[in-house]
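The data block below is start.txt; it holds compact mmCIF, C-alpha atoms and all ligand atoms.
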# COMPACT_ATOMS: atom_id res chain seq x y z
CA MET A 1 257.21 97.87 124.13
CA ALA A 2 259.83 100.59 124.32
CA VAL A 3 259.26 103.73 126.34
CA SER A 4 258.29 106.53 123.96
CA ILE A 5 260.02 109.91 124.04
CA LYS A 6 257.59 112.58 122.88
CA SER A 7 258.58 115.15 120.30
CA GLU A 8 257.98 118.86 120.88
CA ARG A 9 254.86 118.62 118.68
CA GLU A 10 253.54 115.65 120.65
CA ILE A 11 254.23 117.47 123.92
CA GLU A 12 252.15 120.42 122.71
CA LEU A 13 249.22 118.07 122.00
CA MET A 14 249.60 116.42 125.40
CA ARG A 15 249.65 119.83 127.09
CA GLU A 16 246.34 120.67 125.46
CA SER A 17 244.89 117.26 126.32
CA GLY A 18 245.95 117.77 129.93
CA ARG A 19 244.66 121.33 130.08
CA ILE A 20 241.21 120.14 129.03
CA LEU A 21 241.31 117.31 131.56
CA SER A 22 242.21 119.72 134.35
CA ILE A 23 239.10 121.73 133.49
CA VAL A 24 237.03 118.52 133.55
CA HIS A 25 238.19 117.84 137.10
CA THR A 26 237.54 121.40 138.22
CA GLU A 27 234.00 121.25 136.82
CA LEU A 28 233.23 117.81 138.26
CA ALA A 29 234.44 118.84 141.72
CA LYS A 30 231.92 121.71 141.67
CA MET A 31 228.95 119.37 141.23
CA ILE A 32 229.81 116.97 144.05
CA ARG A 33 227.20 117.06 146.83
CA PRO A 34 224.94 114.65 148.71
CA GLY A 35 222.00 113.42 146.62
CA ILE A 36 223.58 113.24 143.16
CA SER A 37 224.21 109.87 141.56
CA THR A 38 227.55 108.66 140.29
CA LEU A 39 225.90 108.45 136.85
CA ASP A 40 225.14 112.21 137.04
CA ILE A 41 228.91 112.74 137.32
CA ASP A 42 229.54 110.54 134.31
CA LYS A 43 227.00 112.40 132.17
CA ARG A 44 228.57 115.75 133.01
CA CYS A 45 232.05 114.40 132.33
CA TYR A 46 231.00 113.12 128.92
CA GLU A 47 229.40 116.46 128.02
CA ILE A 48 232.40 118.56 129.01
CA ILE A 49 234.85 116.41 127.08
CA ARG A 50 232.54 116.33 124.06
CA ASP A 51 232.11 120.12 124.14
CA PHE A 52 235.89 120.44 123.74
CA GLY A 53 235.60 118.24 120.64
CA CYS A 54 237.46 115.47 122.45
CA VAL A 55 236.78 111.84 123.30
CA PRO A 56 236.87 110.34 126.82
CA SER A 57 239.87 108.01 127.03
CA PHE A 58 238.10 105.43 129.17
CA LEU A 59 234.80 105.12 127.27
CA ASN A 60 234.79 101.64 125.69
CA TYR A 61 238.41 101.07 126.77
CA GLN A 62 238.53 97.27 127.06
CA GLY A 63 234.76 97.45 127.32
CA TYR A 64 234.65 100.02 130.15
CA PRO A 65 231.12 101.53 129.88
CA ALA A 66 231.64 105.14 131.08
CA SER A 67 233.71 108.33 130.70
CA VAL A 68 234.88 108.51 134.30
CA CYS A 69 235.63 106.00 137.05
CA VAL A 70 233.76 106.96 140.22
CA SER A 71 234.97 105.05 143.26
CA VAL A 72 233.32 105.73 146.63
CA ASN A 73 234.83 105.05 150.11
CA ASP A 74 236.23 101.49 150.11
CA GLU A 75 236.15 101.40 146.31
CA VAL A 76 239.76 101.96 145.22
CA VAL A 77 239.42 102.54 141.46
CA HIS A 78 237.33 101.71 138.37
CA GLY A 79 233.93 102.15 140.04
CA ILE A 80 231.24 102.12 137.34
CA PRO A 81 228.83 105.08 137.45
CA SER A 82 225.26 104.11 138.30
CA LYS A 83 221.99 105.98 138.72
CA HIS A 84 221.38 103.78 141.77
CA HIS A 85 224.54 104.92 143.55
CA ILE A 86 223.63 108.16 145.34
CA LEU A 87 226.37 110.13 147.10
CA LYS A 88 225.76 110.83 150.76
CA ASP A 89 227.15 113.13 153.42
CA GLY A 90 230.54 111.92 154.64
CA ASP A 91 231.51 109.97 151.52
CA ILE A 92 234.84 110.34 149.76
CA VAL A 93 234.77 109.97 145.97
CA SER A 94 237.66 109.22 143.66
CA LEU A 95 237.15 110.60 140.15
CA ASP A 96 239.48 109.26 137.48
CA ALA A 97 239.16 110.46 133.89
CA GLY A 98 241.09 110.72 130.66
CA VAL A 99 240.88 112.87 127.53
CA ILE A 100 241.95 112.11 123.97
CA TYR A 101 242.94 115.28 122.10
CA LYS A 102 244.15 114.80 118.51
CA GLY A 103 245.18 111.26 119.32
CA TYR A 104 246.91 112.00 122.63
CA HIS A 105 245.71 110.82 126.03
CA SER A 106 245.94 112.54 129.37
CA ASP A 107 244.98 110.79 132.61
CA ALA A 108 244.25 112.29 136.04
CA ALA A 109 242.41 111.46 139.25
CA ARG A 110 241.26 113.37 142.32
CA THR A 111 239.56 112.26 145.53
CA VAL A 112 236.96 114.73 146.75
CA THR A 113 234.70 115.01 149.79
CA VAL A 114 230.89 114.89 149.93
CA GLY A 115 229.45 117.22 152.58
CA GLU A 116 231.09 116.84 155.99
CA VAL A 117 233.84 114.22 155.99
CA SER A 118 235.64 112.98 159.11
CA PRO A 119 239.11 114.41 159.83
CA GLU A 120 240.62 110.92 159.52
CA TRP A 121 239.28 110.45 156.01
CA LYS A 122 240.26 113.97 154.99
CA ARG A 123 243.78 113.26 156.14
CA LEU A 124 243.85 110.13 153.94
CA ILE A 125 243.00 112.32 150.94
CA GLU A 126 245.65 114.91 151.82
CA VAL A 127 248.38 112.33 152.43
CA THR A 128 247.58 110.60 149.14
CA LYS A 129 247.92 113.89 147.29
CA GLN A 130 251.13 114.78 149.10
CA SER A 131 252.59 111.32 148.38
CA PHE A 132 252.32 112.19 144.67
CA PHE A 133 254.25 115.42 145.29
CA GLU A 134 256.88 113.55 147.31
CA GLY A 135 257.22 111.12 144.41
CA ILE A 136 257.67 113.73 141.70
CA LYS A 137 260.62 115.25 143.55
CA PHE A 138 262.45 112.38 141.80
CA ALA A 139 260.69 112.76 138.42
CA LYS A 140 263.73 114.11 136.63
CA PRO A 141 266.82 112.95 134.77
CA GLY A 142 269.37 111.34 137.07
CA TYR A 143 266.73 109.28 138.87
CA ARG A 144 264.88 106.06 138.10
CA ILE A 145 261.21 105.10 138.23
CA GLY A 146 261.91 103.27 141.48
CA ASP A 147 262.99 106.50 143.16
CA ILE A 148 259.52 107.93 142.54
CA SER A 149 257.92 104.69 143.78
CA GLY A 150 259.97 104.61 146.97
CA ALA A 151 259.26 108.23 147.86
CA ILE A 152 255.51 107.72 147.44
CA GLN A 153 255.61 104.58 149.54
CA ASP A 154 257.72 106.02 152.35
CA TYR A 155 255.54 109.07 152.72
CA ALA A 156 252.16 107.29 152.77
CA GLU A 157 253.39 104.44 154.95
CA SER A 158 254.74 106.92 157.53
CA PHE A 159 251.07 107.67 158.29
CA GLY A 160 250.26 103.97 158.72
CA TYR A 161 248.57 103.74 155.33
CA SER A 162 249.35 101.21 152.58
CA LEU A 163 249.96 101.38 148.83
CA VAL A 164 247.88 99.21 146.53
CA ARG A 165 250.15 96.63 144.86
CA GLU A 166 247.95 95.22 142.12
CA LEU A 167 247.56 98.46 140.16
CA VAL A 168 250.32 100.83 139.07
CA GLY A 169 250.94 104.07 137.20
CA HIS A 170 252.10 103.99 133.60
CA GLY A 171 253.43 105.78 130.56
CA VAL A 172 250.74 107.70 128.67
CA GLY A 173 250.54 109.31 125.24
CA ARG A 174 249.32 107.79 121.99
CA GLU A 175 248.00 104.98 124.19
CA LEU A 176 246.30 105.32 127.56
CA HIS A 177 248.66 102.72 128.98
CA GLU A 178 252.23 102.72 127.72
CA ASP A 179 255.50 101.48 129.17
CA PRO A 180 256.97 101.91 131.70
CA GLN A 181 254.97 100.78 134.70
CA VAL A 182 255.17 103.20 137.64
CA PRO A 183 254.56 101.30 140.89
CA ASN A 184 253.70 103.14 144.08
CA PHE A 185 255.93 100.83 146.14
CA ARG A 186 259.48 99.48 145.96
CA THR A 187 260.13 96.49 143.72
CA LYS A 188 263.25 94.37 143.18
CA ARG A 189 264.09 96.27 140.02
CA LYS A 190 264.78 99.96 140.31
CA GLY A 191 263.25 100.62 136.90
CA ILE A 192 264.42 102.62 133.92
CA ARG A 193 266.25 105.91 134.05
CA LEU A 194 264.11 108.97 133.48
CA GLU A 195 264.69 111.04 130.36
CA PRO A 196 263.24 114.31 129.02
CA GLY A 197 260.19 113.74 126.83
CA MET A 198 258.78 110.83 128.81
CA THR A 199 255.15 111.31 129.85
CA LEU A 200 254.03 109.36 132.89
CA ALA A 201 250.72 108.91 134.72
CA ILE A 202 251.85 108.84 138.35
CA GLU A 203 248.95 107.71 140.53
CA PRO A 204 249.23 106.66 144.16
CA MET A 205 246.27 104.57 145.35
CA VAL A 206 246.40 104.64 149.15
CA ASN A 207 244.36 102.47 151.52
CA MET A 208 243.81 103.48 155.12
CA GLY A 209 244.14 99.80 156.09
CA HIS A 210 245.80 96.88 154.34
CA TYR A 211 246.86 97.08 150.70
CA GLU A 212 245.04 93.94 149.64
CA VAL A 213 242.19 94.50 147.16
CA ASN A 214 239.37 92.49 145.58
CA TRP A 215 237.55 92.78 142.26
CA LEU A 216 233.76 92.93 142.32
CA ASP A 217 231.66 90.72 140.05
CA ASP A 218 231.08 93.62 137.64
CA GLY A 219 234.60 92.87 136.41
CA TRP A 220 235.83 96.42 137.10
CA THR A 221 235.30 97.80 140.57
CA VAL A 222 238.33 97.33 142.83
CA VAL A 223 237.60 97.47 146.58
CA THR A 224 239.79 97.22 149.66
CA ALA A 225 239.76 93.70 151.10
CA ASP A 226 239.40 95.00 154.67
CA GLY A 227 236.67 97.54 153.87
CA SER A 228 238.88 100.51 154.77
CA PRO A 229 238.56 103.71 152.71
CA SER A 230 240.93 104.41 149.83
CA ALA A 231 242.07 107.57 148.03
CA HIS A 232 243.60 108.20 144.62
CA TYR A 233 245.56 111.12 143.17
CA GLU A 234 246.98 111.16 139.66
CA ASN A 235 248.48 113.56 137.14
CA THR A 236 250.05 113.19 133.74
CA VAL A 237 253.66 114.32 134.19
CA LEU A 238 256.19 115.41 131.57
CA ILE A 239 259.85 114.70 132.35
CA THR A 240 261.99 117.69 131.33
CA ASN A 241 265.63 118.67 131.74
CA GLY A 242 264.67 120.30 135.02
CA GLU A 243 261.56 120.15 137.17
CA PRO A 244 258.71 117.93 135.92
CA GLU A 245 255.79 119.64 134.20
CA LEU A 246 252.34 118.67 135.49
CA LEU A 247 250.12 118.54 132.42
CA THR A 248 246.82 117.98 134.23
CA ILE A 249 246.95 120.73 136.85
CA GLU A 250 244.95 123.84 136.17
CA ARG A 251 247.12 126.92 135.70
CA ASN A 252 245.96 130.51 135.80
N1 LIG B 301 242.79 105.77 134.83
C1 LIG B 301 242.97 104.37 134.83
C2 LIG B 301 244.43 104.20 134.86
O1 LIG B 301 245.05 105.01 135.36
C3 LIG B 301 242.39 103.71 133.67
C4 LIG B 301 241.00 103.38 133.87
S1 LIG B 301 240.65 101.92 133.13
C5 LIG B 301 239.25 102.24 132.32
O2 LIG B 301 245.01 103.30 134.40
F1 LIG B 301 238.90 101.20 131.73
F2 LIG B 301 238.38 102.66 133.16
F3 LIG B 301 239.49 103.13 131.43
CO CO B 302 246.24 106.08 135.01

Could I get this structure in the form of structure tokens?
Amino acid sequence: MAVSIKSEREIELMRESGRILSIVHTELAKMIRPGISTLDIDKRCYEIIRDFGCVPSFLNYQGYPASVCVSVNDEVVHGIPSKHHILKDGDIVSLDAGVIYKGYHSDAARTVTVGEVSPEWKRLIEVTKQSFFEGIKFAKPGYRIGDISGAIQDYAESFGYSLVRELVGHGVGRELHEDPQVPNFRTKRKGIRLEPGMTLAIEPMVNMGHYEVNWLDDGWTVVTADGSPSAHYENTVLITNGEPELLTIERN
């Protein structure tokens, strides 16, 4: 599939989709505390998106049963919300959600803390977030996808962390997952050249230990193979003629 270049009209719809998603993340972060279940988060996420007249991108996507992926500690991504999974003091929780507004998807993830989290785990969250910002320094015309990938990798690895190999970022728009793939590590191919109007979900998934992951028997939940904690940070990014525009960051 070719990489789609969004028209000005499509970009407006994606901006609105992203704006709503940024509010979803702000609201979900406020409710995070010890004692709530991961299903409580999913219910709230569904309600907020519905109240905007939108549809959660992930709900029923390839059979996924919830509006948000909630991945705790050694869970990397795609954790399924459950009333039996209660958050406890010291956990870190990755929240990944998407919104469909008038046919256009936005996709964003944050890792947040529950109560008092150890300095080591907090640093993992901060480095993961900063690796995204290192990557998007190259999210502009004149660079290739691989320049973003390499910058993310170099930054996170300089802290001794590793980048998950089996999952990657992606184009986003009319579909949740469009071309091109956006790896968080160097590959043999440098990838396509970036052009204005591309919309990319850039999403480093960083493990404190080794990058190897396993899939649980539920068919969704991805966990680190070595049991180390993992963090995730993702925004939907518009490539422009100049600096990239972050569509899923709340602006005042
Ligand atoms: N946010 C994920 C991604 O970035 C998609 C989640 S898969 C789903 O690709 F099934 F949970 F929707
Ligand atoms: Co994504």

Enclose ligand LIG 301 (chain B), meaning all of its atoms listed in the file, in a box aligned along x, y and z, pad it by 4 Å on each side, and list the centre and edge lengths in Å to one decimal, as AutoDock Vina command-line options.
--center_x 241.7 --center_y 103.5 --center_z 133.4 --size_x 14.7 --size_y 12.6 --size_z 11.9

Please provide the set of residues having any atom within 6 Å of A:Arg144, restricted to all atoms listed in the file, with same-chain residues fewer than 5 positions apart removed, written as a list in words.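 Neighbouring residues, sequence-local ones excluded: Gly191, Ile192, Arg193 and Leu194 of chain A.
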
Separation of atom CA of A:Gly90 from atom CA of A:Gln130, in Å and rounded to one decimal: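 We find that atom CA of A:Gly90 and atom CA of A:Gln130 lie 21.5 Å from each other.
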
Restricting the calculation to only C-alpha atoms, which member of A:Glu12, A:Glu243, A:Asp218, A:Asp42 is positioned closest to A:Gly63? A:Asp218

Kindly give the distance, in Å, that separates atom C2 of ligand LIG 301 (chain B) and atom CA of A:Lys6, rounded to a single decimal.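 Atom CA of A:Lys6 lies 19.7 Å from atom C2 of ligand LIG 301 (chain B).
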
Can you tell me which residues sit at most 12 Å away from ligand CO 302 (chain B), counting only C-alpha atoms and all ligand atoms, written as a PyMOL selection string? chain A and resi 57-58+68-69+77-78+95-99+105-110+167-173+175-183+199-205+232-237+248

Close residues, A:Phe185 itself excluded, 7 Å, all atoms listed in the file, min 2 positions apart in chain, as a list in words: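 In the requested format, the answer is Ser149, Gly150, Gln153, Leu163, Pro183 and Thr187 of chain A.
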
Which residues, protein or nucleic acid, reach to within 8 Å of (251.9, 112.0, 156.1) in the file's coordinates when using all atoms listed in the file, and can you give that as a PyMOL selection string? chain A and resi 127+130-131+155-159

List the neighbours of A:Lys122 out to 10 Å using all atoms listed in the file; skip same-chain residues closer than 5 positions along the sequence, and give me the result as a PDB file with C-alpha atoms, in the frame of the given file.
ATOM      1  CA  GLY A  90     230.540 111.920 154.640  1.00  0.00           C
ATOM      2  CA  ILE A  92     234.840 110.340 149.760  1.00  0.00           C
ATOM      3  CA  THR A 111     239.560 112.260 145.530  1.00  0.00           C
ATOM      4  CA  VAL A 112     236.960 114.730 146.750  1.00  0.00           C
ATOM      5  CA  THR A 113     234.700 115.010 149.790  1.00  0.00           C
ATOM      6  CA  GLU A 116     231.090 116.840 155.990  1.00  0.00           C
ATOM      7  CA  VAL A 117     233.840 114.220 155.990  1.00  0.00           C
ATOM      8  CA  VAL A 127     248.380 112.330 152.430  1.00  0.00           C
ATOM      9  CA  THR A 128     247.580 110.600 149.140  1.00  0.00           C
ATOM     10  CA  ALA A 231     242.070 107.570 148.030  1.00  0.00           C
TER      11      ALA A 231
END

Work out how far apart atom CA of A:Tyr64 and atom CA of A:Ile80 are and give it in Å to one decimal.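 According to the coordinates, atom CA of A:Tyr64 and atom CA of A:Ile80 are separated by 8.2 Å.
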
Find the residues near A:Tyr161: any atom within 8 Å, counting only C-alpha atoms, skip ones fewer than 6 places away on the same chain, and give them as a ChimeraX atom specification. /A:206-210

Wanna dump the stretch 225-252 of chain A-stretch 21-28 of chain A contacts at 9 Å for me, each residue with its shortest atom pair and the distance in Å to one decimal, counting all atoms listed in the file, ordered by chain and number, as a Markdown table?
| residue | atom | partner | partner_atom | distance |
| --- | --- | --- | --- | --- |
| A:Leu247 | CA | A:Ser22 | CA | 8.2 |
| A:Thr248 | CA | A:Ser22 | CA | 4.9 |
| A:Ile249 | CA | A:Ser22 | CA | 5.5 |
| A:Glu250 | CA | A:Ser22 | CA | 5.3 |
| A:Arg251 | CA | A:Ser22 | CA | 8.8 |

Please write as a list in words the list of polymer residues whose atoms come within 7 Å of (264.4, 115.7, 135.0), counting all atoms listed in the file and keeping to the coordinates of the file. Ala139, Lys140, Pro141, Gly142, Leu194, Glu195, Pro196, Ile239, Thr240, Asn241, Gly242, Glu243 and Pro244 of chain A

Shell of 9 Å around A:Ile49, only C-alpha atoms, local chain residues under 4 positions omitted, as a PDB file with C-alpha atoms, in the coordinates of the input:
ATOM      1  CA  ILE A  20     241.210 120.140 129.030  1.00  0.00           C
ATOM      2  CA  LEU A  21     241.310 117.310 131.560  1.00  0.00           C
ATOM      3  CA  VAL A  24     237.030 118.520 133.550  1.00  0.00           C
ATOM      4  CA  ARG A  44     228.570 115.750 133.010  1.00  0.00           C
ATOM      5  CA  CYS A  45     232.050 114.400 132.330  1.00  0.00           C
ATOM      6  CA  GLY A  53     235.600 118.240 120.640  1.00  0.00           C
ATOM      7  CA  CYS A  54     237.460 115.470 122.450  1.00  0.00           C
ATOM      8  CA  VAL A  55     236.780 111.840 123.300  1.00  0.00           C
ATOM      9  CA  PRO A  56     236.870 110.340 126.820  1.00  0.00           C
ATOM     10  CA  SER A  67     233.710 108.330 130.700  1.00  0.00           C
ATOM     11  CA  VAL A  99     240.880 112.870 127.530  1.00  0.00           C
ATOM     12  CA  ILE A 100     241.950 112.110 123.970  1.00  0.00           C
TER      13      ILE A 100
END

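Distances to ligand LIG 301 (chain B) were evaluated for A:Tyr143, A:Trp121, A:Phe52, A:Trp220 using all atoms listed in the file, and the minimum falls at A:Trp220.
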
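Closest approach to ligand LIG 301 (chain B) among A:Glu245, A:Asp226, A:Glu16, A:Glu166: A:Glu166, based on all atoms listed in the file.
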